[in-house]
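For reference, the structure discussed in these notes is given below.
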Amino acid sequence: MRTLNLGILAHVDAGKTSLTERLLFDTGVIDKLGSVDDGNTQTDTLELERQRGITVAAAVVSFTLGDLVVNLIDTPGHPDFIAEVERILQLLDAAVVVVSAVEGVQAQTRILVRALQRLGVPFVFFINKIDRLGARYSEILEEIASQLSVRPVAMSAVKDAGSRLAKVEAVDMRQEPHFSAFCEALAADDETFLNDYVLAPNSLSMERLRAAFAHQVAKGLLHPAFCGIAMTGVGIPDLITAIETLLPSRNPDSLGPVKGQIFKIERGWGGEKLAYLELTSGTVAARDYLDFPTGAAKVTSVQVFNEGRLEKVEKLSAGRIAKIGGLLNARIGDEVGTDGTASGGFHFAPPTLETRVLPRRPSDNAALWLALQQLSEQDPLINLRTNGDASEMYVSLYGEVQKEIIQATLQNDFGLNATFEESTVICAERLIDTGSGLEIIFKEPNPFLATIGLRVEPRPEGAGNSFALEVDVGQMPVSFYRAVEDTVFETLKAGTHGWPLIDCHVAMTAARHSSPSSTASDFRKLTPLVLAAALSSAHTVVCEPVDRFHLEVPATALTAILTLLAKCGASTKESLINDGVARLEGTITAAMVQTVQRQVPGLSSGAGVLENSFDHYAPMSGPTPSRSRSGANPFDRADYVQRMR
């Protein structure tokens with residue numbers, strides 16, 4: 001059978017979970033509709049999700065349309081949980097982007113669409129809530145085209161938009177003006193189609209029109225835009241038809257080599273570790289051994305998502321998603337396969353906030369650390385860390401809502417009362433120049449049985465960190481090189497001033513060992529010293545995160561808002577006043593975002609709306625801030641060597 005991994009993506013409150021619920025109901029998976037307000041939807045299974053009415057964790061449910069198995073993945077809509085969305089996007093064959101017919105394109109919509117485009121994932125739009133007061137369809141299509149740099153194609157015709165009498169009908173490609181509109185959209189990227197449309201329009205059969213349309217949708221050139229009402233089911237049948245016939249599916253090979261990816265980790269009722277595996281090739285059975293970067297692991301249980309249920313089975317076939325038990329060392333992002341390599345993947349901006357976590361009762365300190373470790377296992381980007389003497393615990397955050405969710409999870413799931421201090425901004429360090437470091441075996445002051453040479457150099461902004469070997473890889477065991485590479489990336493988490501290093505390339509320029517005395521541990525312990533020397537010679541500059549903002553306020557409040565932005569050091573790049581509403585766009589340091597957020601409601605009589613998202617890092621002026629380290633400090637050689645010994 002064909003399979004399709006389909007993501008449902010949206011800005012918070014656009015109706016994403018309601019659409020998921022309606023799709024499951026209309027395809028016969030569930031016999032009763034749940035409600036976000038009532039807290040009884042199929043995919044919001046966590047108690048916190050039901051209480052707050054928002055999706056916190058991705059949820060999977062499967063259903064069948066003819067010969068197509070759809071693995072439907074509902075993702076969080078709140079920007080604080082973008083890390084969860086990131087892991088899902090890499091699995092998708094296609095996506096439905098939900099847009100509110102009232103609010104239109106919002107901050108998270110822009111972020112998600114850009115991410116889908118970068119990954120080459122085709123997607124369609126569903127413009128929801130067409131019955132709400134102020135709902136628009138054609139205006140939203142224009143907004144999508146202008147703000148998202150995509151080419152939406154209207155697939156619906158609406159009557160009485162903005163009222164309870166709103167009706168939606170599918171457009172008929174065969175009738176004008178829809179026929180001409182479809183042909184012109186297709187001809188823009190297909191010269192052969194353009195020639196036939198101009199010179200021989202009678203040759204354009206409906207079969208050819210549909211085939212050309214599906215081809216360009218799969219290529220991400222066109223984006224069908226449906227509309228309707230997820231709560232009542234208006235317009236949903238047309239969307240379901242498009243999912244079955246228009247979006248690109250796969251024919252997975254169950255007889256091929258085992259290949260898949262771990263994209264989520266959770267704990268079962270008994271505390272056992274369960275890994276969500278999306279299997280793209282081969283077959284996995286209970287009691288099989290799977291290869292991971294950390295070694296082989298035995299599968300103890302397999303639970304497959306099937307027709308809205310989780311079924312315990314003996315084996316998992318390609319194209320399906322399952323919860324796998326027994327993979328004790330599995331990590332999010334691990335690729336399962338014959339070579340056991342880890343996935344590089346695509347990455348959103350890192351968290352820009354950090355908070356210190358304290359137990360209300362000092363006796364709970366150890367329990368709190370263990371609980372936070374489990375949470376970081378489920379979401380690695382919270383970057384759990386401690387200071388040098390392990391007396392303080394810190395987690396990274398995307399926003400204050402995420403902090404509240406972690407705090408509530410600790411209380412509900414672990415029975416721990418924890419206090420979270422005020423969030424502070426996470427800075428980053430960037431290389432100024434190229435530098436190098438070298439430690440030679442048997443030569444003072446090197447205390448380890450290893451020779452390591454490293455060169456560091458800056459990469460283009462946003463390129464991330466990288467590692468390369470510039471030595472003969474045959475002169476040492478592979479495990480020694482792997483130990484150096486893993487330790488390099490770990491050490492880059494704290495640079496000269498304690499902040500993470502970004503956009504840094506590290507090359508290994510020298511390597512030597514003494515057989516059989518040298519071990520991988522020698523290379524792991526020596527690498528931080530060599531890298532610290534290279535970074536010190538290259539010098540780094542501390543940079544602070546800068547957000548891009550979009551602010552809408554009544555025109556009457558514009559003067560007060562501009563004064564506030566100026567005091568906070570914001571840079572306004574675009575401004576527009578239309579129908580009594582002022583729209584401002586620009587950049588502001590992440591440290592000042594909360595100040596603006598607190599004051600906008602009062603200055604705009606509660607009518608102001610601020611949207612912000614990470615944009616870039618910029619060098620800081622003034623005193624250079626530093627951050628406490630976790631573990632031994634390789635920039636203090638004497639202390640580091642003493643600790644390692």
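Please note that chains go A, B, ... in the order of the structure tokens, that every chain numbers its residues from 1, and that ligands are numbered from 1 in the order shown.
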
A:Thr487 surroundings by only C-alpha atoms, 7 Å radius, close-in-sequence under 4 positions cut, as a PyMOL selection string:
chain A and resi 483+491+524+527

Give me the residues within 6 Å of stretch 240-257 of chain A as a list in words, counting only C-alpha atoms and dropping any in the same chain fewer than 2 places off.
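With the cut-off at 6 Å, the set is Arg2, Thr3, Leu4, Ala214, Ala218, Pro237, Asp238, Ser281, Gly282, Thr283, Ser317, Ala318 and Gly319 of chain A.
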
What is the distance, in Å and to one decimal place, between atom CA of A:Gly606 and atom CA of A:Ile561?
12.6 Å

Nearest-residue call for A:Phe179, choices A:Asn612, A:Met155, A:Leu165, A:Gly474, using only C-alpha atoms
A:Met155

Got a sec: who's within 12 Å of A:Leu370, counting only C-alpha atoms, leaving out chain neighbours fewer than 5 positions off, as a ChimeraX atom specification?
/A:364-365,375-377,384,393,410,414,416
